[in-house]
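Shown here: target-v5.cif, mmCIF, C-alpha atoms (C1' of nucleotides).
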```
data_entry
loop_
_atom_site.label_atom_id
_atom_site.label_comp_id
_atom_site.auth_asym_id
_atom_site.auth_seq_id
_atom_site.Cartn_x
_atom_site.Cartn_y
_atom_site.Cartn_z
CA MET N 3 -143.56 43.10 5.62
CA SER N 4 -146.54 41.05 4.52
CA GLN N 5 -148.19 38.50 6.78
CA LEU N 6 -147.07 35.66 4.54
CA ASP N 7 -143.49 36.83 4.83
CA THR N 8 -143.68 37.00 8.60
CA VAL N 9 -145.15 33.50 8.94
CA HIS N 10 -142.60 32.16 6.48
CA ARG N 11 -139.65 33.80 8.19
CA ILE N 12 -140.73 32.50 11.59
CA LEU N 13 -141.06 28.95 10.24
CA ASP N 14 -137.65 29.12 8.55
CA ALA N 15 -135.90 30.36 11.67
CA ALA N 16 -137.73 27.94 13.99
CA GLU N 17 -136.93 24.95 11.79
CA VAL N 18 -133.21 25.64 11.83
CA LEU N 19 -133.01 26.52 15.52
CA PHE N 20 -135.16 23.61 16.72
CA ALA N 21 -133.04 21.17 14.70
CA GLU N 22 -129.84 22.63 16.14
CA ARG N 23 -130.82 22.92 19.81
CA GLY N 24 -134.10 21.19 20.52
CA PHE N 25 -137.48 22.64 21.39
CA THR N 26 -137.13 23.61 25.04
CA GLU N 27 -133.66 24.98 24.44
CA THR N 28 -134.92 27.38 21.76
CA SER N 29 -136.79 30.43 23.04
CA LEU N 30 -139.33 32.48 21.13
CA ARG N 31 -137.03 35.44 21.64
CA THR N 32 -134.24 33.69 19.72
CA ILE N 33 -136.61 32.60 16.97
CA THR N 34 -138.18 36.02 16.45
CA SER N 35 -134.91 37.94 16.59
CA THR N 36 -133.32 35.50 14.11
CA ALA N 37 -136.35 35.87 11.85
CA GLY N 38 -136.24 39.65 12.18
CA VAL N 39 -139.82 39.88 13.40
CA ASN N 40 -141.43 41.03 16.61
CA LEU N 41 -141.59 38.78 19.65
CA ALA N 42 -145.39 38.94 19.72
CA ALA N 43 -145.70 37.71 16.14
CA VAL N 44 -145.40 34.01 17.07
CA ASN N 45 -148.32 34.11 19.44
CA TYR N 46 -150.34 36.18 16.99
CA HIS N 47 -149.81 33.92 13.96
CA PHE N 48 -149.49 30.50 15.59
CA GLY N 49 -151.20 30.87 18.97
CA SER N 50 -148.46 29.30 21.06
CA LYS N 51 -145.01 27.75 20.92
CA LYS N 52 -146.52 24.26 20.78
CA GLU N 53 -148.54 25.12 17.70
CA LEU N 54 -145.43 26.60 16.08
CA ILE N 55 -143.61 23.31 16.67
CA GLN N 56 -146.47 21.43 15.02
CA ALA N 57 -146.46 23.84 12.06
CA VAL N 58 -142.74 23.21 11.54
CA PHE N 59 -143.40 19.45 11.37
CA GLU N 60 -146.43 19.88 9.15
CA ARG N 61 -144.35 21.74 6.59
CA PHE N 62 -141.99 18.74 6.39
CA LEU N 63 -144.34 15.83 6.87
CA THR N 64 -147.07 16.82 4.41
CA PRO N 65 -144.81 16.84 1.31
CA PHE N 66 -142.86 13.86 2.65
CA THR N 67 -145.93 11.64 3.02
CA GLU N 68 -147.32 12.91 -0.29
CA HIS N 69 -144.12 11.92 -2.08
CA LEU N 70 -144.14 8.55 -0.37
CA ASP N 71 -147.82 7.84 -1.03
CA ARG N 72 -147.49 8.80 -4.68
CA GLU N 73 -144.41 6.63 -5.15
CA LEU N 74 -145.99 3.62 -3.42
CA SER N 75 -149.08 3.91 -5.64
CA ARG N 76 -146.92 4.22 -8.74
CA ARG N 77 -144.87 1.14 -7.89
CA ALA N 78 -147.88 -0.86 -6.76
CA SER N 79 -149.66 -0.38 -10.08
CA ALA N 80 -146.55 -1.34 -12.04
CA ASP N 81 -145.51 -4.46 -10.13
CA GLN N 82 -147.57 -7.38 -9.03
CA GLN N 83 -146.18 -7.27 -5.51
CA LEU N 84 -143.73 -4.87 -3.94
CA LYS N 85 -140.48 -6.31 -2.62
CA VAL N 86 -138.50 -5.16 0.40
CA ASP N 87 -135.94 -3.43 -1.81
CA ASP N 88 -138.65 -1.53 -3.69
CA LEU N 89 -140.18 -0.31 -0.46
CA LEU N 90 -136.89 0.81 1.04
CA GLN N 91 -135.99 2.56 -2.18
CA SER N 92 -139.34 4.37 -2.11
CA LEU N 93 -138.71 5.43 1.45
CA TYR N 94 -135.10 6.55 1.09
CA GLN N 95 -134.48 7.74 -2.42
CA VAL N 96 -137.84 9.04 -3.45
CA ALA N 97 -139.32 10.43 -0.28
CA LEU N 98 -136.08 12.02 0.95
CA GLY N 99 -134.94 12.92 -2.53
CA GLY N 100 -138.33 14.41 -3.25
CA LEU N 101 -137.98 16.53 -0.15
CA ALA N 102 -134.57 17.71 -1.33
CA SER N 103 -135.96 18.59 -4.76
CA ASP N 104 -138.56 20.76 -2.98
CA GLY N 105 -135.67 22.67 -1.47
CA ARG N 106 -136.23 21.21 2.01
CA ASP N 107 -133.13 19.86 3.79
CA PRO N 108 -133.67 16.13 4.43
CA LYS N 109 -130.96 15.98 7.10
CA ARG N 110 -132.71 18.70 9.07
CA PHE N 111 -135.95 16.77 8.70
CA MET N 112 -134.29 13.67 10.14
CA ARG N 113 -132.88 15.67 13.02
CA LEU N 114 -136.33 16.97 13.86
CA LEU N 115 -137.77 13.46 13.68
CA GLY N 116 -135.14 12.26 16.13
CA LEU N 117 -136.03 15.08 18.49
CA ALA N 118 -139.75 14.32 18.18
CA TYR N 119 -138.97 10.79 19.19
CA THR N 120 -136.81 11.44 22.23
CA GLN N 121 -137.96 14.79 23.57
CA SER N 122 -141.12 14.16 25.50
CA GLN N 123 -143.44 16.42 23.53
CA GLY N 124 -146.70 14.55 24.03
CA HIS N 125 -148.68 17.07 21.97
CA LEU N 126 -146.30 16.57 19.04
CA ARG N 127 -146.53 12.79 19.06
CA ARG N 128 -150.32 12.99 19.14
CA PHE N 129 -150.30 15.51 16.30
CA ILE N 130 -148.04 13.38 14.10
CA VAL N 131 -149.91 10.12 14.73
CA SER N 132 -153.35 11.63 14.10
CA ARG N 133 -152.28 13.48 10.97
CA TYR N 134 -149.81 11.10 9.33
CA GLY N 135 -150.53 7.72 10.93
CA ALA N 136 -152.33 6.45 7.82
CA SER N 137 -149.23 6.80 5.61
CA TYR N 138 -147.12 5.01 8.18
CA GLN N 139 -149.65 2.19 8.45
CA ARG N 140 -149.72 1.82 4.69
CA PHE N 141 -145.95 1.54 4.43
CA ALA N 142 -145.76 -0.90 7.34
CA GLY N 143 -148.57 -2.99 5.83
CA LEU N 144 -146.83 -3.24 2.45
CA LEU N 145 -143.57 -4.20 4.13
CA ARG N 146 -145.42 -6.86 6.10
CA VAL N 147 -146.81 -8.36 2.89
CA ALA N 148 -143.29 -8.44 1.44
CA LEU N 149 -142.04 -10.40 4.49
CA PRO N 150 -144.75 -12.99 5.11
CA ASP N 151 -142.48 -15.64 6.64
CA ILE N 152 -141.39 -13.65 9.67
CA ASP N 153 -143.53 -13.94 12.77
CA PRO N 154 -145.51 -10.73 13.37
CA VAL N 155 -143.91 -9.62 16.63
CA THR N 156 -140.41 -10.11 15.25
CA PHE N 157 -141.45 -8.22 12.12
CA TYR N 158 -142.57 -5.17 14.07
CA TRP N 159 -139.51 -5.14 16.28
CA ARG N 160 -137.37 -5.23 13.13
CA LEU N 161 -139.38 -2.37 11.68
CA TYR N 162 -138.45 -0.31 14.76
CA PHE N 163 -134.82 -1.45 14.51
CA MET N 164 -134.83 -0.24 10.90
CA LEU N 165 -136.43 3.09 11.80
CA GLY N 166 -133.93 3.51 14.62
CA ALA N 167 -130.95 2.87 12.37
CA THR N 168 -132.34 5.33 9.83
CA ILE N 169 -133.44 8.20 12.04
CA PHE N 170 -130.53 7.99 14.45
CA SER N 171 -127.76 7.85 11.90
CA LEU N 172 -129.26 10.38 9.48
CA SER N 173 -130.18 12.79 12.28
CA SER N 174 -126.49 12.85 13.24
CA PHE N 175 -125.32 12.76 9.64
CA ASP N 176 -123.15 15.88 9.82
CA ALA N 177 -121.44 14.80 13.04
CA ILE N 178 -120.73 11.26 11.82
CA GLU N 179 -119.61 12.52 8.44
CA ALA N 180 -117.15 14.90 10.11
CA ILE N 181 -115.61 12.06 12.15
CA LEU N 182 -115.19 9.80 9.13
CA ARG N 183 -113.78 12.61 7.05
CA GLU N 184 -111.17 13.30 9.69
CA ASP N 185 -110.27 9.61 10.15
CA PHE N 186 -110.31 8.50 6.51
CA GLY N 187 -110.28 11.68 4.47
CA ALA N 188 -113.35 10.35 2.69
CA GLU N 189 -116.40 12.53 2.34
CA SER N 190 -119.83 10.91 2.46
CA SER N 191 -122.78 12.50 0.69
CA LEU N 192 -126.31 11.85 1.83
CA ASP N 193 -126.94 9.88 -1.37
CA GLU N 194 -123.94 7.63 -0.77
CA THR N 195 -125.03 7.06 2.81
CA LEU N 196 -128.55 6.11 1.71
CA ALA N 197 -126.96 3.74 -0.80
CA ARG N 198 -125.10 2.16 2.14
CA LEU N 199 -128.14 2.18 4.39
CA ALA N 200 -130.55 0.51 1.97
CA PRO N 201 -128.81 -2.90 1.70
CA ALA N 202 -127.98 -2.87 5.42
CA ALA N 203 -131.63 -2.18 6.30
CA ALA N 204 -132.80 -4.87 3.87
CA ALA N 205 -130.43 -7.38 5.51
CA LEU N 206 -131.70 -6.37 8.93
CA LEU N 207 -135.32 -6.95 7.90
CA THR N 208 -134.77 -10.24 6.09
CA ALA N 209 -132.30 -11.83 8.52
CA GLN N 210 -132.62 -15.49 9.45
CA ASP N 211 -133.18 -16.05 13.17
CA MET H 18 -130.13 12.25 56.92
CA SER H 19 -126.53 11.40 56.17
CA GLN H 20 -124.67 12.98 53.28
CA LEU H 21 -124.47 9.68 51.46
CA ASP H 22 -128.22 9.31 51.66
CA THR H 23 -128.80 12.79 50.27
CA VAL H 24 -126.43 12.32 47.33
CA HIS H 25 -127.93 8.92 46.65
CA ARG H 26 -131.52 10.15 46.78
CA ILE H 27 -130.76 13.04 44.43
CA LEU H 28 -129.12 10.70 41.92
CA ASP H 29 -132.04 8.26 42.09
CA ALA H 30 -134.65 10.97 41.52
CA ALA H 31 -132.64 12.73 38.80
CA GLU H 32 -132.05 9.47 36.91
CA VAL H 33 -135.77 8.65 36.75
CA LEU H 34 -136.90 12.18 35.94
CA PHE H 35 -134.23 12.85 33.30
CA ALA H 36 -135.10 9.57 31.56
CA GLU H 37 -138.80 10.43 31.59
CA ARG H 38 -138.66 14.08 30.50
CA GLY H 39 -135.20 15.08 29.34
CA PHE H 40 -132.64 17.35 30.94
CA THR H 41 -133.92 20.83 30.20
CA GLU H 42 -137.48 19.76 30.96
CA THR H 43 -136.53 18.61 34.46
CA SER H 44 -135.92 21.38 37.01
CA LEU H 45 -133.78 21.12 40.11
CA ARG H 46 -136.91 21.99 42.08
CA THR H 47 -138.69 18.89 40.77
CA ILE H 48 -135.66 16.71 41.44
CA THR H 49 -135.11 17.88 45.00
CA SER H 50 -138.77 17.75 45.97
CA THR H 51 -139.07 14.23 44.52
CA ALA H 52 -135.94 13.22 46.41
CA GLY H 53 -137.24 14.83 49.59
CA VAL H 54 -134.16 17.00 50.01
CA ASN H 55 -133.58 20.73 50.04
CA LEU H 56 -133.28 22.70 46.83
CA ALA H 57 -129.79 23.91 47.72
CA ALA H 58 -128.50 20.36 48.16
CA VAL H 59 -127.84 19.81 44.45
CA ASN H 60 -125.55 22.79 44.16
CA TYR H 61 -123.87 21.90 47.44
CA HIS H 62 -123.13 18.27 46.57
CA PHE H 63 -122.68 18.44 42.79
CA GLY H 64 -121.83 22.07 42.08
CA SER H 65 -124.30 22.59 39.22
CA LYS H 66 -127.04 20.93 37.23
CA LYS H 67 -124.57 20.03 34.48
CA GLU H 68 -122.37 18.18 36.94
CA LEU H 69 -125.42 16.36 38.28
CA ILE H 70 -126.24 15.19 34.76
CA GLN H 71 -122.68 13.92 34.36
CA ALA H 72 -122.87 12.11 37.72
CA VAL H 73 -126.06 10.34 36.62
CA PHE H 74 -124.28 9.07 33.51
CA GLU H 75 -121.15 8.15 35.42
CA ARG H 76 -123.16 5.88 37.72
CA PHE H 77 -124.41 3.97 34.66
CA LEU H 78 -121.43 4.08 32.34
CA THR H 79 -118.70 3.07 34.77
CA PRO H 80 -120.21 -0.36 35.63
CA PHE H 81 -121.38 -0.79 32.03
CA THR H 82 -117.94 -0.32 30.51
CA GLU H 83 -116.35 -2.40 33.29
CA HIS H 84 -118.69 -5.31 32.52
CA LEU H 85 -118.02 -4.93 28.82
CA ASP H 86 -114.23 -4.66 29.18
CA ARG H 87 -114.10 -7.68 31.48
CA GLU H 88 -116.24 -9.75 29.13
CA LEU H 89 -114.21 -8.78 26.07
CA SER H 90 -110.99 -9.74 27.85
CA ARG H 91 -112.48 -13.04 28.96
CA ARG H 92 -113.64 -13.96 25.47
CA ALA H 93 -110.47 -12.74 23.81
CA SER H 94 -108.29 -14.99 25.96
CA ALA H 95 -110.53 -18.01 25.31
CA ASP H 96 -110.94 -17.73 21.54
CA GLN H 97 -108.37 -17.14 18.90
CA GLN H 98 -110.36 -14.36 17.27
CA LEU H 99 -113.66 -12.85 18.26
CA LYS H 100 -116.49 -13.12 15.77
CA VAL H 101 -119.29 -10.63 15.15
CA ASP H 102 -121.77 -12.76 17.08
CA ASP H 103 -119.44 -12.98 20.08
CA LEU H 104 -119.01 -9.23 20.15
CA LEU H 105 -122.72 -8.49 19.88
CA GLN H 106 -123.45 -11.03 22.57
CA SER H 107 -120.89 -9.36 24.83
CA LEU H 108 -122.49 -6.01 24.20
CA TYR H 109 -126.13 -7.01 24.60
CA GLN H 110 -126.38 -9.89 26.98
CA VAL H 111 -123.45 -9.39 29.27
CA ALA H 112 -123.10 -5.65 29.50
CA LEU H 113 -126.83 -4.96 29.75
CA GLY H 114 -127.50 -8.10 31.79
CA GLY H 115 -124.62 -7.19 34.08
CA LEU H 116 -126.20 -3.79 34.59
CA ALA H 117 -129.50 -5.45 35.47
CA SER H 118 -127.79 -7.78 37.94
CA ASP H 119 -126.37 -4.67 39.64
CA GLY H 120 -129.96 -3.54 40.13
CA ARG H 121 -129.68 -0.76 37.52
CA ASP H 122 -132.52 -0.59 35.00
CA PRO H 123 -131.01 -1.15 31.51
CA LYS H 124 -134.02 0.35 29.73
CA ARG H 125 -133.59 3.58 31.67
CA PHE H 126 -129.91 3.54 30.76
CA MET H 127 -130.82 3.23 27.08
CA ARG H 128 -133.29 6.09 27.38
CA LEU H 129 -130.61 8.30 28.86
CA LEU H 130 -128.18 7.31 26.11
CA GLY H 131 -130.78 8.27 23.54
CA LEU H 132 -131.20 11.65 25.21
CA ALA H 133 -127.45 12.18 25.33
CA TYR H 134 -127.41 11.51 21.62
CA THR H 135 -130.21 13.84 20.54
CA GLN H 136 -130.35 16.59 23.17
CA SER H 137 -127.62 19.06 22.47
CA GLN H 138 -125.70 18.81 25.72
CA GLY H 139 -122.19 19.60 24.55
CA HIS H 140 -120.69 19.22 28.03
CA LEU H 141 -122.20 15.74 28.33
CA ARG H 142 -120.83 14.53 25.00
CA ARG H 143 -117.37 15.78 25.92
CA PHE H 144 -117.60 14.12 29.33
CA ILE H 145 -118.63 10.75 27.88
CA VAL H 146 -116.02 10.76 25.13
CA SER H 147 -113.15 11.75 27.42
CA ARG H 148 -114.11 9.27 30.13
CA TYR H 149 -115.37 6.26 28.20
CA GLY H 150 -114.01 6.73 24.69
CA ALA H 151 -111.34 4.05 25.19
CA SER H 152 -113.90 1.29 25.81
CA TYR H 153 -115.83 2.35 22.73
CA GLN H 154 -112.67 2.36 20.62
CA ARG H 155 -111.76 -1.09 21.85
CA PHE H 156 -115.14 -2.55 20.95
CA ALA H 157 -115.18 -0.85 17.55
CA GLY H 158 -111.63 -2.07 16.87
CA LEU H 159 -112.51 -5.68 17.70
CA LEU H 160 -115.59 -5.49 15.48
CA ARG H 161 -113.44 -4.09 12.68
CA VAL H 162 -111.07 -7.05 12.95
CA ALA H 163 -114.05 -9.42 12.77
CA LEU H 164 -115.21 -7.75 9.53
CA PRO H 165 -112.02 -7.28 7.50
CA ASP H 166 -113.64 -7.52 4.06
CA ILE H 167 -115.86 -4.45 4.36
CA ASP H 168 -114.38 -1.17 3.26
CA PRO H 169 -113.63 1.06 6.25
CA VAL H 170 -116.10 3.87 5.57
CA THR H 171 -118.94 1.41 5.01
CA PHE H 172 -117.93 -0.40 8.19
CA TYR H 173 -118.18 2.73 10.33
CA TRP H 174 -121.49 3.78 8.82
CA ARG H 175 -122.82 0.33 9.62
CA LEU H 176 -121.53 0.63 13.16
CA TYR H 177 -123.60 3.80 13.53
CA PHE H 178 -126.60 2.11 11.90
CA MET H 179 -126.27 -0.68 14.47
CA LEU H 180 -125.92 1.73 17.38
CA GLY H 181 -128.93 3.66 16.10
CA ALA H 182 -131.09 0.55 15.87
CA THR H 183 -130.03 -0.47 19.38
CA ILE H 184 -130.29 2.81 21.25
CA PHE H 185 -133.39 4.04 19.44
CA SER H 186 -135.47 0.90 19.85
CA LEU H 187 -134.36 0.06 23.37
CA SER H 188 -134.78 3.65 24.55
CA SER H 189 -138.41 3.44 23.49
CA PHE H 190 -138.77 -0.14 24.67
CA ASP H 191 -141.77 0.45 26.92
CA ALA H 192 -143.69 2.42 24.30
CA ILE H 193 -143.04 -0.10 21.52
CA GLU H 194 -143.80 -3.02 23.81
CA ALA H 195 -147.14 -1.44 24.75
CA ILE H 196 -148.13 -1.05 21.08
CA LEU H 197 -147.23 -4.65 20.23
CA ARG H 198 -148.99 -5.95 23.32
CA GLU H 199 -152.17 -4.13 22.30
CA ASP H 200 -151.99 -5.28 18.67
CA PHE H 201 -150.89 -8.89 19.19
CA GLY H 202 -151.46 -9.61 22.87
CA ALA H 203 -147.86 -10.76 23.02
CA GLU H 204 -145.59 -9.39 25.72
CA SER H 205 -141.93 -8.83 24.90
CA SER H 206 -139.32 -8.98 27.62
CA LEU H 207 -136.04 -7.14 27.29
CA ASP H 208 -134.22 -10.47 26.97
CA GLU H 209 -136.48 -11.61 24.14
CA THR H 210 -136.00 -8.29 22.37
CA LEU H 211 -132.22 -8.54 22.67
CA ALA H 212 -132.49 -12.09 21.28
CA ARG H 213 -134.33 -10.57 18.29
CA LEU H 214 -131.93 -7.65 17.99
CA ALA H 215 -128.70 -9.67 17.98
CA PRO H 216 -129.25 -11.60 14.70
CA ALA H 217 -130.77 -8.53 13.04
CA ALA H 218 -127.75 -6.41 14.01
CA ALA H 219 -125.37 -9.15 12.84
CA ALA H 220 -127.15 -9.27 9.47
CA LEU H 221 -126.95 -5.49 9.20
CA LEU H 222 -123.20 -5.54 9.85
CA THR H 223 -122.36 -8.45 7.55
CA ALA H 224 -124.67 -7.58 4.64
CA GLN H 225 -123.44 -7.90 1.05
CA ASP H 226 -123.49 -4.61 -0.86
"C1'" DG E 24 -151.17 43.54 11.42
"C1'" DT E 25 -147.38 45.05 14.04
"C1'" DC E 26 -145.37 47.16 17.73
"C1'" DT E 27 -143.91 48.30 22.95
"C1'" DA E 28 -144.32 47.31 27.52
"C1'" DT E 29 -145.19 44.39 30.96
"C1'" DA E 30 -147.53 40.80 33.55
"C1'" DA E 31 -146.86 36.43 35.79
"C1'" DC E 32 -144.05 32.97 36.57
"C1'" DG E 33 -140.17 29.44 36.76
"C1'" DC E 34 -135.41 28.88 36.46
"C1'" DG E 35 -130.40 28.00 38.44
"C1'" DA E 36 -127.56 29.60 41.78
"C1'" DT E 37 -125.96 31.52 46.24
"C1'" DA E 38 -125.49 34.18 50.70
"C1'" DG E 39 -125.95 33.58 55.29
"C1'" DA E 40 -128.35 31.73 59.51
"C1'" DC E 41 -128.38 27.55 62.10
"C1'" DG D 18 -124.50 19.59 56.11
"C1'" DT D 19 -128.85 21.56 55.77
"C1'" DC D 20 -131.99 25.13 55.83
"C1'" DT D 21 -134.60 29.76 54.33
"C1'" DA D 22 -134.76 33.57 51.62
"C1'" DT D 23 -133.70 35.82 47.73
"C1'" DC D 24 -131.10 37.58 43.69
"C1'" DG D 25 -130.95 38.08 38.83
"C1'" DC D 26 -132.37 36.51 34.83
"C1'" DG D 27 -135.09 34.34 31.06
"C1'" DT D 28 -139.36 32.45 29.83
"C1'" DT D 29 -144.24 32.48 27.43
"C1'" DA D 30 -148.01 35.09 26.78
"C1'" DT D 31 -150.90 39.25 26.44
"C1'" DA D 32 -152.94 44.04 26.93
"C1'" DG D 33 -153.15 48.11 24.64
"C1'" DA D 34 -151.11 51.90 21.64
"C1'" DC D 35 -150.47 52.80 16.83
#
```
What is this file in structure tokens?
Amino acid sequence: MSQLDTVHRILDAAEVLFAERGFTETSLRTITSTAGVNLAAVNYHFGSKKELIQAVFERFLTPFTEHLDRELSRRASADQQLKVDDLLQSLYQVALGGLASDGRDPKRFMRLLGLAYTQSQGHLRRFIVSRYGASYQRFAGLLRVALPDIDPVTFYWRLYFMLGATIFSLSSFDAIEAILREDFGAESSLDETLARLAPAAAALLTAQD
Amino acid sequence: MSQLDTVHRILDAAEVLFAERGFTETSLRTITSTAGVNLAAVNYHFGSKKELIQAVFERFLTPFTEHLDRELSRRASADQQLKVDDLLQSLYQVALGGLASDGRDPKRFMRLLGLAYTQSQGHLRRFIVSRYGASYQRFAGLLRVALPDIDPVTFYWRLYFMLGATIFSLSSFDAIEAILREDFGAESSLDETLARLAPAAAALLTAQD
DNA sequence: GTCTATAACGCGATAGAC
DNA sequence: GTCTATCGCGTTATAGAC
């Protein structure tokens, strides 16, 4: 088995298992046996479990922020000024859809983001902020320009409300979808849910006090 | 030290440590040494770590749902029909404020709820649903009556969006508050944040498609 | 570059003395 | 009811053979 295969197989197994169980709850033994590689391979290729966790996020966040940055630049050059709806559409449809078109599961990505937020992995938060903080700042800045009438503190709280609604509900997408399917017999696809989320998030951001 | 003291001290230490680090990341050794009790005391008084986790949630959720149920009954007997704003006010101001007036930290409660949501503790989810599901169903049912024009699947997705915005942002209240204080020099109290969250959540729920 | 074997340690839980 | 001591197991990480 080539080195590239081994690294790849470890990342694939770790991504799925972390998303299902969390970081602490997933042992290197489980990851390596699922991946079909030797236990020592993780420490050889990644150095430590922490660095493996960061590598899993890097593989999601780099294409995600690239899709988002590209789409924001495209829209910004076309329009005079980006509106709230444009920005949310960039975030939801393009960035997540772009991820899906790369063959990466956007629901799993959201689950990992939720874990990064609540599990106290200080190293992971530092890694994400230092590596991808610029893209976040750009998006937040454009949204701020699109909502000039809201006072700044309220604006930022609403930004976190919006992120919370997004990450929380999408990270539990499968569980929520299963409940609604049982109660109403109606299946919800990720696209339909994003189509429901976008106007709700826009209303949240633009609400009158 | 009396038995009541020991049980109490374990619960106090576990509540703080779980909220700070998560369940798996907090060992019984850390809990008992923080509480100043013997390691064996947890298994003696609670049976297992899982049952200790449930006891920590019980001590928050029982008064919380009692406050909420009482307030919903009070409002329902006064008004003809409860509106969205009434229901959100019951949830935010009264239930959380009631918790605070009992001397229980509502931010810590929100952090624990966030953990229960994202950390895969199957036993905890089953415990919460079986013990407190009725209060949740009642609140969701009243909110449904207040929003009859929205189609049912959209309504429930929005309910999860609203819960996500609430739990996610309040569970990270201290971290978000610190960022905003550094950037704008403006402190945000929990009350002020709830006063910002209520209209935003109402707008999210009542949005036009 | 990949393997086996193991070091070094922390975990939850419990038996048994007091 | 509280203590000490310990069992049995799982963990990450690494040394050394191949």
Counting all atoms listed in the file, which residues from chain E have an atom at most 10 Å from any atom of chain N, and could you show them as JSON, numbers by chain? {"E": [24, 25, 26, 27]}
Sorted per-residue table, chain D near chain N, closest atoms and distance, 10 Å, only C-alpha atoms (C1' of nucleotides), as a tab-separated table:
```
residue	atom	partner	partner_atom	distance
D:DG27	C1'	N:Ser29	CA	9.1
D:DT28	C1'	N:Ser29	CA	7.5
D:DT29	C1'	N:Leu30	CA	8.0
D:DA30	C1'	N:Asn45	CA	7.4
D:DT31	C1'	N:Ala42	CA	8.7
```
Using only C-alpha atoms (C1' of nucleotides), determine which residues lie at most 10 Å from range 99-106 of chain N, disregarding the query and same-chain residues fewer than 6 positions distant; provide the list as a list in words.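 Once the nearby chain positions are removed, what remains is Arg61, Phe62, Leu63, Pro65, Phe66, Thr67, Glu68, His69, Leu70, Ser92, Leu93, Leu192 and Asp193 of chain N.
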Serialized selection, C-alpha atoms, as an mmCIF file, in the frame of the given file:
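Saved the output as selection-v5.cif:
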```cif
data_model
loop_
_atom_site.group_PDB
_atom_site.id
_atom_site.type_symbol
_atom_site.label_atom_id
_atom_site.label_comp_id
_atom_site.auth_asym_id
_atom_site.auth_seq_id
_atom_site.Cartn_x
_atom_site.Cartn_y
_atom_site.Cartn_z
ATOM 1 C CA ARG N 61 -144.350 21.740 6.590
ATOM 2 C CA PHE N 62 -141.990 18.740 6.390
ATOM 3 C CA LEU N 63 -144.340 15.830 6.870
ATOM 4 C CA PRO N 65 -144.810 16.840 1.310
ATOM 5 C CA PHE N 66 -142.860 13.860 2.650
ATOM 6 C CA THR N 67 -145.930 11.640 3.020
ATOM 7 C CA GLU N 68 -147.320 12.910 -0.290
ATOM 8 C CA HIS N 69 -144.120 11.920 -2.080
ATOM 9 C CA LEU N 70 -144.140 8.550 -0.370
ATOM 10 C CA SER N 92 -139.340 4.370 -2.110
ATOM 11 C CA LEU N 93 -138.710 5.430 1.450
ATOM 12 C CA LEU N 192 -126.310 11.850 1.830
ATOM 13 C CA ASP N 193 -126.940 9.880 -1.370
#
```
Residue contacts of Gln138 in chain H (10 Å, only C-alpha atoms (C1' of nucleotides)) excluding same-chain residues fewer than 6 positions away, as a list in words: Arg23 of chain N; Phe40, Thr41, Lys67, Ile70 and Leu132 of chain H
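Ranking H:Gln98, H:Thr47, H:Ser90, H:Ser206 by their shortest atom-to-atom distance to chain N, with all atoms listed in the file included, puts H:Ser206 first.
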Need the shell around range 130-141 of chain N: protein/DNA/RNA residues with any atom at most 7 Å away, counting only C-alpha atoms (C1' of nucleotides). Skip same-chain ones fewer than 4 positions apart. Format as a PyMOL selection string? chain N and resi 67+71+126+145
Going by the chain IDs and residue numbers used in this file, which residues fall under the PyMOL selection byres ((chain H) within 7 of (chain N))? Write them as a list in words.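 Residues picked by the PyMOL selection byres ((chain H) within 7 of (chain N)): Arg38, Gly39, Thr41, Gly131, Leu132, Thr135, Gln136, Ser137, Val170, Thr171, Tyr177, Phe178, Met179, Gly181, Ala182, Thr183, Phe185, Ser186, Leu197, Arg213, Pro216, Ala217, Ala218, Ala220, Leu221, Ala224 and Asp226 of chain H.
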Work out how far CA of Arg11 in chain N is from CA of Arg110 in chain N, in Å to one decimal. 16.6 Å
Once the PyMOL selection byres ((chain D and resi 32) around 10) has been evaluated on this model, what residues remain selected, and can you format them as a list in words?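 Applied to this file, the PyMOL selection byres ((chain D and resi 32) around 10) returns DA28, DT29 and DA30 of chain E; DT31, DG33 and DA34 of chain D.
With CA of Ala177 in chain N on one side and CA of Arg142 in chain H on the other, the separation reads 12.0 Å.
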Find the residue from N:Leu74, N:Phe111, N:Val44, N:Ala97 that sits nearest to Phe20 in chain N; use all atoms listed in the file when measuring.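 Closest to Phe20 in chain N, using all atoms listed in the file: N:Phe111.
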Just the number, please: distance in Å from CA of Ser50 in chain H to C1' of DC34 in chain E, one decimal.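 One can read the CA of Ser50 in chain H to C1' of DC34 in chain E distance as 15.0 Å.
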Counting all atoms listed in the file, what is within 10 Å of DA40 in chain E, bar same-chain residues fewer than 2 positions away, as a compact mmCIF listing (two decimals) with C-alpha atoms (C1' of nucleotides), keeping the file's coordinate frame?
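Result file follows (out_33.txt):
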```txt
# COMPACT_ATOMS: atom_id res chain seq x y z
C1' DA E 38 -125.49 34.18 50.70
C1' DC D 20 -131.99 25.13 55.83
C1' DT D 21 -134.60 29.76 54.33
```
Check the smallest atom-to-atom distance from each of N:Asp151, N:Thr28, N:Gly38, N:Phe48 to Asp7 in chain N using only C-alpha atoms, then report the winner. N:Gly38
Selected residue, from H:His62, H:His25, H:Gln97, H:Ala163, that lies nearest to DG18 in chain D when counting all atoms listed in the file: H:His62
Let me have the centre and edge lengths of the axis-aligned box enclosing all listed atoms of range 125-132 of chain H with 4 Å padding on every side, in Å to one decimal, as AutoDock Vina command-line options.
```
--center_x -130.9 --center_y 7.4 --center_z 27.6 --size_x 13.4 --size_y 16.4 --size_z 16.1
```
